[in-house]
file run01.cif (mmCIF, C-alpha atoms)
data_data
#
loop_
_atom_site.label_atom_id
_atom_site.label_comp_id
_atom_site.auth_asym_id
_atom_site.auth_seq_id
_atom_site.Cartn_x
_atom_site.Cartn_y
_atom_site.Cartn_z
CA MET D 1 -94.92 -20.10 57.00
CA THR D 2 -91.62 -18.76 55.85
CA ALA D 3 -90.57 -15.11 55.63
CA ARG D 4 -90.49 -15.30 51.82
CA ARG D 5 -94.19 -16.32 51.64
CA ASP D 6 -95.20 -13.49 54.06
CA VAL D 7 -93.57 -10.94 51.71
CA ASP D 8 -95.36 -12.39 48.67
CA ARG D 9 -98.72 -12.16 50.47
CA VAL D 10 -98.19 -8.50 51.43
CA ILE D 11 -97.25 -7.51 47.86
CA ALA D 12 -100.34 -9.28 46.41
CA LEU D 13 -102.65 -7.53 48.89
CA TRP D 14 -101.12 -4.14 48.06
CA LEU D 15 -101.61 -4.57 44.33
CA THR D 16 -105.26 -5.51 44.81
CA GLU D 17 -105.98 -2.46 46.91
CA VAL D 18 -103.91 0.17 45.11
CA ALA D 19 -103.88 -0.78 41.41
CA PRO D 20 -106.81 0.59 39.42
CA GLU D 21 -109.43 -1.76 38.00
CA GLY D 22 -110.64 -1.83 34.40
CA HIS D 23 -108.90 -1.57 31.04
CA VAL D 24 -106.88 1.00 29.12
CA ASP D 25 -109.22 3.42 27.28
CA TYR D 26 -106.61 5.49 25.27
CA LEU D 27 -105.74 2.94 22.56
CA ASP D 28 -107.83 4.67 19.87
CA GLU D 29 -106.17 8.05 20.51
CA THR D 30 -102.70 6.47 20.24
CA LEU D 31 -103.40 4.76 16.91
CA GLY D 32 -104.84 7.95 15.51
CA ALA D 33 -101.71 9.89 16.43
CA LEU D 34 -99.52 7.34 14.65
CA ASP D 35 -101.55 7.72 11.44
CA ARG D 36 -100.79 11.43 11.39
CA VAL D 37 -96.93 10.87 11.55
CA ARG D 38 -95.18 10.95 8.09
CA GLN D 39 -92.92 8.02 7.15
CA ARG D 40 -89.14 8.85 7.12
CA PRO D 41 -87.58 8.97 3.58
CA ALA D 42 -85.42 6.01 2.53
CA TRP D 43 -82.30 8.17 2.23
CA MET D 44 -82.46 8.84 5.97
CA SER D 45 -81.99 5.14 6.73
CA PRO D 46 -78.21 4.42 6.93
CA GLY D 47 -78.75 0.77 6.19
CA ARG D 48 -80.00 1.63 2.68
CA TRP D 49 -76.90 3.48 1.38
CA LEU D 50 -73.96 2.85 3.77
CA PRO D 51 -71.92 -0.39 3.77
CA MET D 52 -73.34 -2.93 6.15
CA GLN D 53 -70.09 -3.03 8.15
CA MET D 54 -70.51 0.67 9.03
CA THR D 55 -74.01 0.16 10.37
CA LEU D 56 -73.17 -2.79 12.56
CA PRO D 57 -72.90 -2.25 16.30
CA ARG D 58 -69.41 -1.16 17.32
CA VAL D 59 -67.37 -3.82 19.06
CA VAL D 60 -64.91 -2.63 21.68
CA VAL D 61 -61.50 -4.39 21.31
CA PRO D 62 -59.73 -5.07 24.56
CA ARG D 63 -56.57 -3.01 25.09
CA ALA D 64 -54.39 -6.15 25.19
CA ALA D 65 -55.03 -6.99 21.53
CA PRO D 66 -52.86 -4.20 19.95
CA PHE D 67 -50.03 -5.06 22.34
CA LEU D 68 -50.19 -8.73 21.40
CA ALA D 69 -50.18 -7.84 17.69
CA VAL D 70 -47.06 -5.67 18.07
CA LEU D 71 -45.37 -8.40 20.09
CA ALA D 72 -46.11 -10.95 17.38
CA LEU D 73 -44.61 -8.67 14.72
CA LEU D 74 -41.47 -8.17 16.82
CA LEU D 75 -41.08 -11.91 17.25
CA ILE D 76 -41.47 -12.47 13.52
CA GLY D 77 -38.84 -9.78 12.83
CA LEU D 78 -36.44 -11.38 15.29
CA ILE D 79 -36.87 -14.78 13.69
CA VAL D 80 -36.21 -13.32 10.23
CA ALA D 81 -33.13 -11.43 11.46
CA LEU D 82 -31.71 -14.56 13.07
CA ALA D 83 -32.32 -16.51 9.89
CA ILE D 84 -30.48 -13.89 7.82
CA ALA D 85 -27.60 -13.71 10.29
CA GLY D 86 -27.35 -17.47 10.38
CA GLY D 87 -27.09 -17.56 6.62
CA GLN D 88 -24.24 -15.02 6.50
CA LYS D 89 -20.66 -16.22 6.81
CA ARG D 90 -18.83 -14.99 9.90
CA LEU D 91 -15.59 -13.18 9.18
CA PRO D 92 -12.46 -13.20 11.36
CA ALA D 93 -10.70 -10.13 12.75
CA PRO D 94 -7.97 -8.90 10.39
CA PHE D 95 -5.21 -9.48 12.96
CA GLY D 96 -4.68 -11.75 15.95
CA LEU D 97 -5.53 -15.41 16.33
CA ALA D 98 -8.07 -16.99 13.98
CA ALA D 99 -9.14 -20.40 12.73
CA ASN D 100 -7.16 -22.06 9.97
CA GLY D 101 -8.50 -21.89 6.46
CA LEU D 102 -6.91 -22.95 3.21
CA VAL D 103 -3.21 -23.07 2.35
CA THR D 104 -2.75 -21.33 -0.99
CA PHE D 105 0.17 -21.58 -3.41
CA GLU D 106 1.19 -21.42 -7.05
CA SER D 107 1.85 -24.65 -8.89
CA GLU D 108 2.72 -24.95 -12.58
CA GLY D 109 1.05 -21.66 -13.45
CA ASP D 110 -2.19 -22.11 -11.51
CA ILE D 111 -3.38 -21.10 -8.04
CA LEU D 112 -3.99 -24.17 -5.87
CA VAL D 113 -5.25 -24.66 -2.31
CA ALA D 114 -5.15 -27.43 0.27
CA ASN D 115 -6.56 -27.94 3.73
CA ALA D 116 -4.44 -27.22 6.79
CA ASP D 117 -3.76 -30.95 7.22
CA GLY D 118 -2.51 -31.26 3.65
CA SER D 119 -5.63 -32.93 2.29
CA GLY D 120 -7.92 -31.64 -0.45
CA ARG D 121 -5.20 -30.31 -2.75
CA ARG D 122 -7.08 -28.78 -5.72
CA PRO D 123 -7.02 -25.91 -8.24
CA LEU D 124 -8.59 -22.62 -7.17
CA VAL D 125 -7.74 -20.46 -10.21
CA ALA D 126 -6.83 -22.27 -13.40
CA ALA D 127 -6.92 -19.69 -16.19
CA GLN D 128 -5.01 -19.11 -19.39
CA GLY D 129 -1.41 -18.04 -18.93
CA THR D 130 0.35 -18.03 -15.54
CA GLN D 131 -1.10 -17.04 -12.16
CA TRP D 132 1.09 -16.50 -9.11
CA SER D 133 1.56 -14.74 -5.73
CA PRO D 134 -1.88 -15.60 -4.28
CA VAL D 135 -2.77 -13.63 -1.13
CA PHE D 136 -6.02 -14.05 0.80
CA SER D 137 -7.71 -10.92 2.16
CA ARG D 138 -7.52 -10.22 5.91
CA HIS D 139 -11.07 -11.51 6.38
CA GLY D 140 -10.46 -14.56 4.20
CA ASP D 141 -13.34 -13.92 1.79
CA ARG D 142 -11.30 -12.86 -1.28
CA ILE D 143 -7.96 -13.64 -2.88
CA ALA D 144 -5.61 -11.43 -4.93
CA TYR D 145 -3.11 -12.75 -7.46
CA TRP D 146 -1.05 -11.77 -10.50
CA SER D 147 -1.71 -13.07 -14.00
CA ALA D 148 0.36 -12.86 -17.19
CA PRO D 149 0.76 -14.82 -20.44
CA LYS D 150 3.92 -16.31 -18.92
CA LEU D 151 6.14 -15.71 -15.91
CA GLY D 152 8.27 -12.60 -16.46
CA ASP D 153 5.80 -10.90 -18.80
CA PRO D 154 4.00 -7.71 -17.74
CA ALA D 155 1.19 -8.79 -15.42
CA SER D 156 -2.27 -7.73 -14.29
CA LEU D 157 -3.65 -7.83 -10.76
CA PHE D 158 -6.88 -9.74 -10.14
CA VAL D 159 -9.15 -10.26 -7.14
CA ALA D 160 -11.52 -13.24 -6.93
CA ASP D 161 -13.88 -14.63 -4.33
CA ALA D 162 -12.36 -17.10 -1.87
CA ASP D 163 -13.60 -20.03 -3.97
CA GLY D 164 -11.83 -18.68 -7.07
CA THR D 165 -14.97 -17.44 -8.81
CA ASP D 166 -15.90 -13.94 -10.03
CA ALA D 167 -12.35 -12.80 -10.83
CA ARG D 168 -12.15 -9.00 -11.30
CA LEU D 169 -9.35 -7.02 -12.94
CA MET D 170 -7.88 -4.43 -10.54
CA THR D 171 -5.36 -2.66 -12.76
CA GLY D 172 -7.37 -1.93 -15.90
CA GLU D 173 -5.34 -1.77 -19.09
CA GLN D 174 -2.10 -1.14 -17.21
CA THR D 175 0.34 -4.03 -16.76
CA PHE D 176 3.33 -4.29 -14.45
CA VAL D 177 6.58 -6.18 -14.20
CA VAL D 178 6.32 -7.78 -10.77
CA ALA D 179 9.23 -8.97 -8.64
CA ASP D 180 8.73 -12.58 -7.53
CA GLY D 181 11.33 -12.70 -4.75
CA LEU D 182 9.36 -10.39 -2.43
CA PRO D 183 5.66 -10.29 -1.57
CA ALA D 184 4.31 -8.10 -4.34
CA VAL D 185 0.79 -7.32 -3.08
CA ASN D 186 -0.71 -6.68 0.36
CA TRP D 187 -4.24 -6.01 1.65
CA SER D 188 -5.14 -3.04 3.86
CA PRO D 189 -6.50 -3.94 7.32
CA ASP D 190 -10.09 -3.23 6.25
CA ASP D 191 -9.67 -5.09 2.93
CA ARG D 192 -10.75 -1.99 1.00
CA ARG D 193 -7.41 -1.32 -0.70
CA LEU D 194 -4.38 -3.14 -2.05
CA ALA D 195 -0.75 -2.00 -2.12
CA PHE D 196 1.75 -3.50 -4.55
CA SER D 197 5.19 -2.81 -5.96
CA SER D 198 6.52 -3.32 -9.45
CA ASP D 199 9.92 -3.22 -11.09
CA PRO D 200 11.76 -0.90 -11.02
CA GLY D 201 10.54 -0.26 -7.47
CA ASP D 202 7.34 1.75 -7.95
CA LEU D 203 4.70 1.58 -5.19
CA TYR D 204 0.97 1.67 -6.02
CA VAL D 205 -2.34 1.67 -4.13
CA VAL D 206 -5.68 0.64 -5.66
CA ASN D 207 -9.18 0.21 -4.27
CA ALA D 208 -10.21 -3.42 -3.92
CA GLU D 209 -13.02 -3.02 -6.47
CA GLY D 210 -10.51 -1.83 -9.08
CA SER D 211 -10.82 1.98 -8.90
CA ASP D 212 -8.39 4.80 -8.12
CA LEU D 213 -5.16 3.08 -9.11
CA HIS D 214 -2.32 5.51 -8.33
CA TRP D 215 1.39 5.67 -7.66
CA ILE D 216 2.62 6.93 -4.27
CA GLY D 217 5.95 8.33 -3.10
CA ASN D 218 8.42 10.65 -4.76
CA PRO D 219 10.87 9.12 -7.27
CA THR D 220 13.81 9.33 -4.85
CA HIS D 221 14.43 5.57 -4.42
CA GLN D 222 12.93 2.17 -5.14
CA ARG D 223 10.14 0.75 -2.99
CA LEU D 224 9.65 -3.02 -2.79
CA GLY D 225 7.58 -5.53 -0.81
CA PRO D 226 4.88 -3.31 0.76
CA VAL D 227 3.23 -4.49 4.01
CA TRP D 228 0.30 -2.54 5.51
CA SER D 229 0.38 -1.73 9.25
CA PRO D 230 -2.43 -3.19 11.41
CA ASP D 231 -3.84 0.30 12.11
CA GLY D 232 -3.80 1.20 8.40
CA THR D 233 -1.77 4.39 8.86
CA LEU D 234 1.53 3.18 7.37
CA ILE D 235 2.94 0.88 4.71
CA ALA D 236 6.33 -0.68 5.47
CA TYR D 237 8.60 -1.55 2.56
CA THR D 238 12.19 -2.26 1.55
CA GLY D 239 13.94 0.83 0.21
CA GLN D 240 16.75 0.71 -2.30
CA PRO D 241 18.66 3.48 -4.11
CA LEU D 242 17.79 4.00 -7.76
CA GLY D 243 19.90 1.75 -9.95
CA ASP D 244 21.43 -0.10 -7.00
CA PRO D 245 21.62 -3.94 -7.31
CA TYR D 246 20.59 -4.87 -3.76
CA SER D 247 23.68 -3.62 -1.92
CA GLN D 248 22.05 -0.81 0.08
CA THR D 249 18.61 -2.06 1.15
CA SER D 250 16.94 -0.37 4.14
CA SER D 251 13.60 -0.39 5.99
CA TRP D 252 11.09 2.39 5.35
CA VAL D 253 7.50 3.38 6.14
CA ILE D 254 5.16 5.63 4.18
CA ALA D 255 1.57 6.80 4.67
CA PRO D 256 -0.97 5.37 2.18
CA ASP D 257 -1.40 8.86 0.69
CA GLY D 258 2.34 9.08 -0.05
CA ARG D 259 3.26 11.43 2.80
CA ASN D 260 5.65 10.89 5.74
CA ASP D 261 8.08 8.71 3.79
CA SER D 262 10.67 7.83 6.47
CA GLU D 263 13.65 5.53 6.79
CA VAL D 264 13.34 3.33 9.87
CA ILE D 265 16.52 1.20 9.70
CA SER D 266 19.39 2.40 7.55
CA ALA D 267 21.27 0.17 5.12
CA GLU D 268 24.55 -1.29 6.31
CA GLY D 269 25.56 -2.09 2.77
CA GLY D 270 27.67 -4.79 1.29
CA PHE D 271 27.35 -8.51 1.05
CA GLU D 272 23.97 -9.71 2.34
CA ILE D 273 20.56 -8.47 1.18
CA THR D 274 18.94 -7.19 4.38
CA ASN D 275 15.89 -5.24 5.57
CA VAL D 276 13.62 -7.25 3.27
CA ASN D 277 10.18 -8.74 3.94
CA PRO D 278 9.33 -6.62 7.04
CA SER D 279 6.90 -8.16 9.54
CA TRP D 280 4.52 -5.99 11.60
CA SER D 281 3.63 -6.96 15.16
CA PRO D 282 -0.15 -7.47 15.61
CA ASP D 283 -0.36 -4.28 17.72
CA GLY D 284 1.29 -2.27 14.92
CA ARG D 285 3.99 -0.83 17.19
CA SER D 286 7.04 -2.63 15.84
CA LEU D 287 8.65 -4.17 12.78
CA LEU D 288 10.96 -7.18 12.49
CA VAL D 289 13.63 -7.53 9.79
CA HIS D 290 17.04 -9.15 9.46
CA THR D 291 20.02 -6.79 9.39
CA GLY D 292 23.82 -6.92 9.18
CA GLY D 293 25.95 -8.71 6.60
CA ALA D 294 27.85 -5.60 5.59
CA PHE D 295 30.84 -7.64 4.41
CA GLU D 296 31.48 -11.18 3.32
CA GLY D 297 31.49 -13.40 6.38
CA ASP D 298 29.58 -10.95 8.55
CA ASP D 299 26.62 -12.56 10.29
CA THR D 300 23.03 -11.37 9.99
CA ASP D 301 20.85 -10.63 13.00
CA ILE D 302 17.18 -10.16 13.82
CA SER D 303 16.39 -6.50 14.56
CA ILE D 304 13.25 -4.82 15.84
CA ALA D 305 12.18 -1.25 15.06
CA ARG D 306 9.72 0.35 17.49
CA ARG D 307 7.69 3.55 17.19
CA ASP D 308 6.67 5.54 20.24
CA ALA D 309 3.48 7.50 20.89
CA ALA D 310 4.94 10.49 19.04
CA GLY D 311 5.64 8.37 15.95
CA MET D 312 9.43 8.37 16.42
CA TRP D 313 11.31 5.19 15.53
CA SER D 314 14.21 3.43 17.23
CA HIS D 315 15.71 0.00 16.57
CA GLN D 316 17.96 -2.62 18.14
CA VAL D 317 19.22 -6.16 17.56
CA ILE D 318 17.21 -8.66 19.62
CA VAL D 319 18.71 -11.91 18.25
CA GLY D 320 22.44 -11.50 17.64
CA GLY D 321 25.54 -13.64 17.85
CA SER D 322 27.70 -15.28 15.23
CA THR D 323 24.86 -17.10 13.45
CA PHE D 324 23.23 -16.13 10.19
CA ASP D 325 19.53 -15.44 10.84
CA PHE D 326 16.99 -14.37 8.23
CA HIS D 327 13.33 -13.57 7.49
CA PRO D 328 11.67 -13.06 10.91
CA SER D 329 7.88 -13.38 11.12
CA TRP D 330 5.59 -12.38 13.99
CA SER D 331 3.10 -14.90 15.37
CA ASN D 332 -0.56 -13.88 15.24
CA SER D 333 -0.70 -13.60 19.02
CA GLY D 334 2.34 -11.30 19.09
CA THR D 335 3.99 -13.35 21.84
CA GLN D 336 6.59 -15.05 19.62
CA PHE D 337 8.33 -14.75 16.29
CA SER D 338 10.02 -17.23 13.99
CA PHE D 339 13.05 -16.94 11.71
CA ILE D 340 15.42 -18.99 9.56
CA ARG D 341 18.90 -19.90 10.85
CA VAL D 342 21.92 -21.36 9.08
CA VAL D 343 23.23 -24.27 11.14
CA GLU D 344 26.78 -23.35 12.15
CA GLY D 345 29.43 -25.48 10.52
CA SER D 346 27.05 -27.13 8.06
CA ASP D 347 28.50 -27.76 4.60
CA PRO D 348 26.56 -27.53 2.43
CA GLU D 349 24.57 -25.02 4.42
CA LYS D 350 21.58 -26.38 6.29
CA LEU D 351 18.68 -24.13 7.29
CA VAL D 352 16.35 -24.77 10.23
CA LEU D 353 13.32 -22.99 11.64
CA MET D 354 13.75 -21.14 14.94
CA VAL D 355 11.33 -19.48 17.40
CA ALA D 356 11.93 -16.81 20.05
CA ASP D 357 9.79 -14.96 22.57
CA ALA D 358 8.67 -11.44 21.62
CA ASP D 359 11.70 -9.84 23.38
CA GLY D 360 14.18 -12.10 21.57
CA SER D 361 14.74 -14.45 24.51
CA HIS D 362 14.26 -18.22 24.74
CA VAL D 363 15.55 -18.91 21.23
CA ARG D 364 14.95 -22.55 20.27
CA PRO D 365 14.52 -24.71 17.15
CA VAL D 366 10.99 -25.64 16.13
CA SER D 367 12.07 -28.85 14.44
CA ALA D 368 15.17 -30.61 13.15
CA VAL D 369 13.55 -30.68 9.70
CA GLU D 370 15.66 -28.89 7.10
CA ILE D 371 13.92 -26.02 5.29
CA GLY D 372 14.62 -23.84 2.28
CA PHE D 373 15.60 -20.19 2.00
CA ALA D 374 12.16 -18.64 1.41
CA ALA D 375 9.53 -16.69 3.30
CA GLN D 376 7.97 -18.52 6.28
CA CYS D 377 4.81 -17.61 8.22
CA TRP D 378 2.50 -18.72 11.03
CA SER D 379 -0.83 -20.48 10.70
CA PRO D 380 -3.79 -18.32 11.82
CA ASP D 381 -4.10 -20.34 15.05
CA ASP D 382 -0.31 -20.23 15.73
CA ARG D 383 -0.12 -24.03 15.95
CA PHE D 384 2.22 -24.55 13.01
CA ILE D 385 4.53 -22.59 10.71
CA ARG D 386 4.50 -22.76 6.96
CA ALA D 387 7.92 -23.00 5.27
CA ALA D 388 9.44 -24.28 2.06
CA ALA D 389 11.36 -27.51 1.70
CA PRO D 390 15.04 -27.18 0.67
CA GLY D 391 15.93 -27.08 -3.00
CA GLU D 392 15.32 -24.77 -5.90
CA ALA D 393 11.91 -24.06 -7.36
CA GLY D 394 10.82 -26.57 -9.93
CA ALA D 395 9.28 -30.00 -10.18
CA GLY D 396 10.28 -31.00 -6.65
CA ARG D 397 9.13 -27.91 -4.78
CA THR D 398 7.24 -28.76 -1.58
CA ILE D 399 5.45 -26.75 1.10
CA LEU D 400 6.09 -27.77 4.72
CA LEU D 401 3.62 -27.26 7.56
CA ILE D 402 5.72 -27.65 10.72
CA PRO D 403 3.78 -28.06 13.99
CA LEU D 404 5.14 -26.46 17.14
CA ASP D 405 4.10 -29.44 19.30
CA GLY D 406 6.49 -31.89 17.62
CA THR D 407 3.87 -33.83 15.69
CA PRO D 408 4.75 -34.97 12.15
CA VAL D 409 5.39 -32.37 9.47
CA VAL D 410 2.79 -32.09 6.68
CA GLU D 411 4.13 -31.97 3.11
CA ILE D 412 2.17 -30.46 0.22
CA PRO D 413 3.58 -30.88 -3.31
CA ALA D 414 3.79 -27.52 -5.08
CA PRO D 415 5.87 -27.88 -8.24
CA GLY D 416 6.44 -24.53 -9.91
CA GLU D 417 8.73 -21.61 -10.41
CA ALA D 418 6.92 -18.59 -8.91
CA SER D 419 5.77 -17.20 -5.56
CA LYS D 420 9.03 -17.68 -3.67
CA GLY D 421 8.33 -14.61 -1.57
CA VAL D 422 4.69 -15.35 -0.75
CA CYS D 423 3.73 -17.15 2.44
CA GLN D 424 0.18 -16.90 3.73
CA MET D 425 -2.94 -18.81 4.78
CA GLN D 426 -6.64 -18.08 4.75
CA ARG D 427 -8.07 -16.77 8.01
CA LEU D 428 -11.48 -17.95 9.23
CA ALA D 429 -13.65 -16.94 12.16
CA PRO D 430 -12.88 -18.97 15.32
#
call {"tool": "encode", "arguments": {"input": "run01.cif", "output": "structure tokens"}}
result
Amino acid sequence: MTARRDVDRVIALWLTEVAPEGHVDYLDETLGALDRVRQRPAWMSPGRWLPMQMTLPRVVVPRAAPFLAVLALLLIGLIVALAIAGGQKRLPAPFGLAANGLVTFESEGDILVANADGSGRRPLVAAQGTQWSPVFSRHGDRIAYWSAPKLGDPASLFVADADGTDARLMTGEQTFVVADGLPAVNWSPDDRRLAFSSDPGDLYVVNAEGSDLHWIGNPTHQRLGPVWSPDGTLIAYTGQPLGDPYSQTSSWVIAPDGRNDSEVISAEGGFEITNVNPSWSPDGRSLLVHTGGAFEGDDTDISIARRDAAGMWSHQVIVGGSTFDFHPSWSNSGTQFSFIRVVEGSDPEKLVLMVADADGSHVRPVSAVEIGFAAQCWSPDDRFIRAAAPGEAGAGRTILLIPLDGTPVVEIPAPGEASKGVCQMQRLAP
């Protein structure tokens, strides 16, 4: 016999001896007591008048469930944010190296563009009248240009999207006579404002949505070719005495609110037109211009003006000698600059493109290709320099894209008469 069966036997014996015999004799009393109890009214039963969900037994939700719900919402939000960000176009920094976008130019009264390899030449703005001096914004998402019934007429300033659509008038009912030989409009570093000059040398600032158009600077001299500094605190320009026909041009800077109008490089006067088309270094600490040419036969040099921490300016020649050098332009990296040089002894004069290190050393030709006397500038990635082919504006005008690595030059036909002073490309995010 096992231990389990012994225990069962003991329990059975105990129940027989201890438990009382017979049957329950209080059933009648219990039923009688129930008859005397009143039935509860219907309104006291929650199931009769409350929603069924409120009368159901309460279910305890594990603590992990709320956490998982919040986590799911966060994941959904992240996915939505990434989708929105992925759909937005990345914009480049306003200064420094960037990816190459479109080459823009005026041709026969319209604004045209082409790819950086010369392909895809097509109209961007083809409106009534004449459009010229196209300039992409620093971030490459808009383009400013002048428009008039014909070249030489009073003009209006427009801004359009980078694809040429949604053109907006910036200057209201006012029109301006705009010089074509110098860059006539320039974007602020944050793309919120535009600076431009008009004949006879008035300087204006306007918000990039077309509001608050106003003239800046006292009427003491002419102001031409404005160029905004990278930090946005100054606008460089070419100064010229009132009524003077380009014999006393000098380099100036002015604050965007019209204060602190200061001469940086004085005019030397005389034969050559100097101190035009100033070029800011990407760090905003210096300006490049060509100087000299006080008398017939005098050479022109490349000079740099530097400002110190206190805002004081000093300048010196960094590319001198007996050669005639013009129109310097900083690279986007700030490590080099380019300029135009007249080949000594050439008759007729031949112009070539030169490059120097930032301190003026290591001067060398970029290419043996002959170029024209017009503004030149660097591609956003610093791999080639845009220049004009030799010859006057007209049916044969051509844009040259000259690589620094010696590969073949790209030619883009650009027949037309305007935009001699404009040289620029669209910047894209790397």
call {"tool": "resolve_selection", "arguments": {"input": "run01.cif", "expression": "the PyMOL selection byres ((chain D and resi 326-342) around 9)", "output": "PyMOL selection string"}}
result
chain D and resi 95-98+274-283+287-291+300-303+323-325+343-346+349-360+366+371-382+385
call {"tool": "closest_residue", "arguments": {"input": "run01.cif", "among": "D:Gly396, D:Pro230, D:Pro123, D:Gly109", "to": "D:Trp146", "atoms": "only C-alpha atoms"}}
result
D:Gly109
call {"tool": "resolve_selection", "arguments": {"input": "run01.cif", "expression": "the PyMOL selection byres ((chain D and resi 214-219) around 10)", "output": "PyMOL selection string"}}
result
chain D and resi 171+195-197+201-207+211-213+220-223+242+254-261
call {"tool": "residues_near_point", "arguments": {"input": "run01.cif", "point": "(4.8, -28.2, 0.1)", "cutoff": "9 Å", "atoms": "all atoms listed in the file", "output": "compact mmCIF listing (two decimals) with C-alpha atoms, keeping the file's coordinate frame"}}
result
# COMPACT_ATOMS: atom_id res chain seq x y z
CA PHE D 105 0.17 -21.58 -3.41
CA GLY D 118 -2.51 -31.26 3.65
CA ARG D 386 4.50 -22.76 6.96
CA ALA D 387 7.92 -23.00 5.27
CA ALA D 388 9.44 -24.28 2.06
CA ALA D 389 11.36 -27.51 1.70
CA ARG D 397 9.13 -27.91 -4.78
CA THR D 398 7.24 -28.76 -1.58
CA ILE D 399 5.45 -26.75 1.10
CA LEU D 400 6.09 -27.77 4.72
CA LEU D 401 3.62 -27.26 7.56
CA VAL D 410 2.79 -32.09 6.68
CA GLU D 411 4.13 -31.97 3.11
CA ILE D 412 2.17 -30.46 0.22
CA PRO D 413 3.58 -30.88 -3.31
CA ALA D 414 3.79 -27.52 -5.08
CA PRO D 415 5.87 -27.88 -8.24
call {"tool": "closest_residue", "arguments": {"input": "run01.cif", "among": "D:Ser119, D:Ser229, D:Ser367, D:Thr249", "to": "D:Asp190", "atoms": "only C-alpha atoms"}}
result
D:Ser229
call {"tool": "atom_distance", "arguments": {"input": "run01.cif", "atom1": "atom CA of D:Leu124", "atom2": "atom CA of D:Ala236"}}
result
29.4 Å
call {"tool": "decode", "arguments": {"input": "run01.cif", "residues": "stretch 393-404 of chain D", "atoms": "N, CA, C and O atoms", "output": "compact mmCIF listing (two decimals), in the first residue's frame"}}
result
# COMPACT_ATOMS: atom_id res chain seq x y z
N ALA D 393 30.33 92.56 -79.37
CA ALA D 393 29.02 91.94 -79.22
C ALA D 393 28.28 91.98 -80.54
O ALA D 393 28.44 92.89 -81.35
N GLY D 394 27.49 90.97 -80.77
CA GLY D 394 26.74 90.90 -82.01
C GLY D 394 26.44 89.46 -82.37
O GLY D 394 26.39 88.58 -81.51
N ALA D 395 26.30 89.21 -83.65
CA ALA D 395 25.88 87.89 -84.11
C ALA D 395 26.90 86.81 -83.79
O ALA D 395 26.55 85.64 -83.64
N GLY D 396 28.17 87.16 -83.68
CA GLY D 396 29.20 86.16 -83.45
C GLY D 396 29.63 86.00 -82.01
O GLY D 396 30.61 85.29 -81.74
N ARG D 397 28.92 86.63 -81.08
CA ARG D 397 29.37 86.57 -79.68
C ARG D 397 29.28 85.14 -79.16
O ARG D 397 28.29 84.44 -79.37
N THR D 398 30.34 84.73 -78.41
CA THR D 398 30.43 83.36 -77.91
C THR D 398 30.94 83.37 -76.49
O THR D 398 31.84 84.15 -76.13
N ILE D 399 30.38 82.51 -75.65
CA ILE D 399 30.85 82.31 -74.28
C ILE D 399 31.83 81.15 -74.27
O ILE D 399 31.60 80.10 -74.90
N LEU D 400 32.96 81.33 -73.56
CA LEU D 400 33.98 80.30 -73.45
C LEU D 400 34.01 79.76 -72.02
O LEU D 400 34.00 80.54 -71.07
N LEU D 401 34.02 78.45 -71.87
CA LEU D 401 34.22 77.79 -70.59
C LEU D 401 35.59 77.11 -70.66
O LEU D 401 35.75 76.09 -71.34
N ILE D 402 36.57 77.69 -69.95
CA ILE D 402 37.97 77.29 -70.10
C ILE D 402 38.38 76.44 -68.89
O ILE D 402 38.52 76.97 -67.78
N PRO D 403 38.60 75.14 -69.06
CA PRO D 403 38.99 74.29 -67.94
C PRO D 403 40.41 74.61 -67.47
O PRO D 403 41.27 75.00 -68.26
N LEU D 404 40.65 74.41 -66.18
CA LEU D 404 41.98 74.63 -65.64
C LEU D 404 42.89 73.42 -65.84
O LEU D 404 44.11 73.51 -65.64
